[in-house]
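Working notes for the structure below.
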Amino acid sequence: MLSHPATKYRPFPAIALAERNWPSQTITRPPVWLSTDLRDGNQALFEPMNIERKLRMFHRLCEIGFKQIEVAFPSASSTEFDFVRRLITEQHIPAEVTIQVLTPAREAFIRRTMESLRGAKSAVVHLYNATSKPFRDFVFNMSKAEVIEIAVSGVALIKSLAEEQPETQWLLEYSPETFTATELDFALEICDAVTATWGATPDNKVILNLPTTVEIATPNIYADQIEWMHRRLARRDSIILSLHPHNDRGTAVAAAELGLMAGADRVEGCLFGNGERTGNVDLVILALNLYTQGIAPGLDFSNINAIAREMEHCTQLPIHPRHPYVGDLVFTAFSGSHQDAIKKGFAAQQPDSVWSVPYLPVDPADLGRSYDSIIRINSQSGKGGIAYLLETEYGIVMPRRLQVEFSGVVQQHTDKHGGELTAPDIWRLFSQTYLEFAPRVRYQEHHLYEQGEAQGIKLGVEINGCYHLLDGIGNGPIDATVHALQRMNFHFQVRSYEERSLGASSEAGDATACAFMELTPTKDGGECYGVGLDTNIVTASIKALISGINRLEKMPAADGK
């Protein structure tokens, strides 16, 4: 790279636009959408789609809700021409969908393009020619007048050929290719000449498409260019003003949104940003950005995973795991602080209230995404994420201090083994820690009985492999169990006790109740939890107490000995 890039590159000049309006505008409705996945997207592929894949994608685009789809460049190859013919002759096109085709402003190409559309119910013919000074001077060696003549001659030919096919409802689209690098007064002149030649009226509108053929400036410059044209175009009420942003600077979405604020009516782009070089504007992001602002986009992405897999199949291009809204990891939090905020947000979110969950700009369920991958555990994770997984997947709602305790267990595991822990991994580690370890004391049975106003218990346990029938009396089953175990020289106190009902879980067997017992040694400091699961809450509580005793036995003494 150059140490002084200004010797080679120049900033794009500001647009002279007095009292620009677009910065104070708000998008309140969706644009007219045009998918160019089958044309611009297809020509950007290392291996273009065959007809089977193009048909599959076409039908998916129709299902999503696109009413205008650019399907081919019919004069480019027999494959492209044949695809258009097949769509028409085999009646693949729904009544509400209009297909669009692209042609350069050259007579032979225009005639071939119009022939491909014979028999179509409706069609958009998209004509283009390059208009910027470098193209005029270096590529074509033409004057401005000659460039205008190419455009209007092409429009006149399309109009004449369209009159020969009156059964089709025709719509003209014109793109001054390289618009953003074209002098605005010249872009205006050629666009006005096109609409005049077509005879545009409010009932016979022309689509004027102003593309960022190559993105060369910041999005605000593009918005200025669009507003400049929007204010000055002749027959503005007879024009559908369209945007076609590319993503060379990585700001195509912003450029499209600002362009809509500046007066545009329509956007052309591709799903997931496929397209030449760095891609076309991503229509999924644009549509879902509107959705998160409370605007129905008119496109259905309620099964975003299925759409993504279909596009990957058709294009043979993978979708990045961090791709907005659709990437495998975009709704995933590994960070402990993020997980804690998300968990608390879900707990506070009411079904009929405005969506307001931290770190999630949209409810994944609205896109057909499940909640099971939102929180995932690795060495960066904290207690909130671990608690969330156990609660949502296994119905275990841990007390806060148990969350802290168990997160330390998980942290030790991830520090030692690395990698990510899934929900089943977390459950196995929880079970090994609190439920299924090799204990010194093992619960066998218990029987409750009344002892005056007190509660008695006969508790059958194994201690170091030997069966013991213990007897205890207290003010309730738990207190009676504590006294029974203390007679065997287990020195502890119950610091806290909580019980929960347990959701159905195949991992938990038939258990419907969960008990948590926080114990502390009588002589030494420190505390730990025990957990018990059972169909009976009293049995679950006794198991939790015994689980805690076994864990206390393994704790180091307070002095470290």
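Letters A, B, ... go to the chains of the structure tokens in the order shown; residues in each chain start at 1; ligands are counted from 1 in the same order.
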*For stretch 316-332 of chain A, list every protein, DNA or RNA residue within 8 Å, evaluated using only C-alpha atoms, and leave out those in the same chain fewer than 3 positions away; present the list as a list in words.*
Phe272, Ile285, Leu288, Ile304, Asn305, Ala308, Met311, Glu312, His313, Leu360, Pro364, Ser373, Ile374, Ile375 and Arg376 of chain A
*Taking the backbone alone, and naming residues the way the document does, which bits of stretch 109-259 of chain A are helix (DSSP H, G or I) by DSSP, as number ranges by chain?*
A: 109-116, 133-139, 144-163, 179-181, 184-198, 219-232, 236-238, 252-259
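Candidate residues A:Arg106, A:Arg232, A:Arg111, A:Arg495 were compared for distance to A:Leu545, and the nearest is A:Arg495, using only C-alpha atoms.
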_Which residue of A:Thr522, A:Thr131, A:Thr36, A:Ser501 approaches A:Gln486 most closely, using only C-alpha atoms_ = A:Thr522
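Using only C-alpha atoms for every distance, the candidate list A:Lys344, A:Arg231, A:His491, A:Arg401 yields A:Lys344 as the residue closest to A:Ser356.
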*Nearest candidate to A:Ala423 (options A:Ala105, A:Leu389, A:Ile27, A:Ala480; using only C-alpha atoms)*: A:Leu389
*Could you tell me, as a ChimeraX atom specification, which residues of stretch 46-247 of chain A DSSP assigns to strand (DSSP E) when given the backbone?*
/A:68-72,98-104,122-130,169-177,206-212,239-245
*Fewer than 5 positions away in the same chain doesn't count, so skip those; otherwise give me all residues within 8 Å of A:Gly456, counting only C-alpha atoms, as a PyMOL selection string.*
chain A and resi 448-451+471-474+476-477+480
*Rank A:Thr79, A:Ser337, A:Asn464, A:Gln165 by their smallest atom-to-atom distance to A:Arg118, using only C-alpha atoms, and report the top residue only.*
A:Gln165
*Quick one, how far is atom CA of A:Lys54 from atom CA of A:Leu87?*
10.2 Å
_All residues 12 Å or closer to A:Asp265, only C-alpha atoms, same chain fewer than 2 positions away omitted, as a PyMOL selection string_ = chain A and resi 27-34+207-210+226-227+230+236-237+239-244+256-263+267-268
*asked:* Quick one: residues within 7 Å of stretch 530-535 of chain A, only C-alpha atoms, excluding same-chain residues fewer than 6 positions away - as a PyMOL selection string?
replied: chain A and resi 434-435+510-518+541+543-545+547-548
*Find the spatial neighbours of A:Gln339, counting only C-alpha atoms, within a cut-off of 10 Å - ignore same-chain residues fewer than 2 positions away - and output them as a PyMOL selection string.*
chain A and resi 332-337+341-345+358-359+374-377+381-388
Tell me, as an mmCIF file with C-alpha atoms, in the first residue's frame, which residues lie within 9 Å of A:Ile51, counting only C-alpha atoms; anything in the same chain fewer than 4 positions away does not count.
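File produced: out_11.cif:
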data_model
loop_
_atom_site.group_PDB
_atom_site.id
_atom_site.type_symbol
_atom_site.label_atom_id
_atom_site.label_comp_id
_atom_site.auth_asym_id
_atom_site.auth_seq_id
_atom_site.Cartn_x
_atom_site.Cartn_y
_atom_site.Cartn_z
ATOM 1 C CA LEU A 55 -36.141 -23.380 -11.622
ATOM 2 C CA ARG A 56 -35.779 -24.419 -8.008
ATOM 3 C CA THR A 79 -29.099 -21.598 -21.683
ATOM 4 C CA GLU A 80 -30.371 -18.195 -20.604
ATOM 5 C CA ASP A 82 -34.088 -21.441 -23.062
ATOM 6 C CA PHE A 83 -34.708 -20.815 -19.371
#
_Coordinates-based distance that separates atom CA of A:Gln493 from atom CA of A:Lys523 (Å, one decimal)_ = 9.9 Å
*Which of A:Asn21, A:Thr180, A:Ser238, A:Ser431 sits closest to A:Ala255 [using only C-alpha atoms]*: A:Thr180
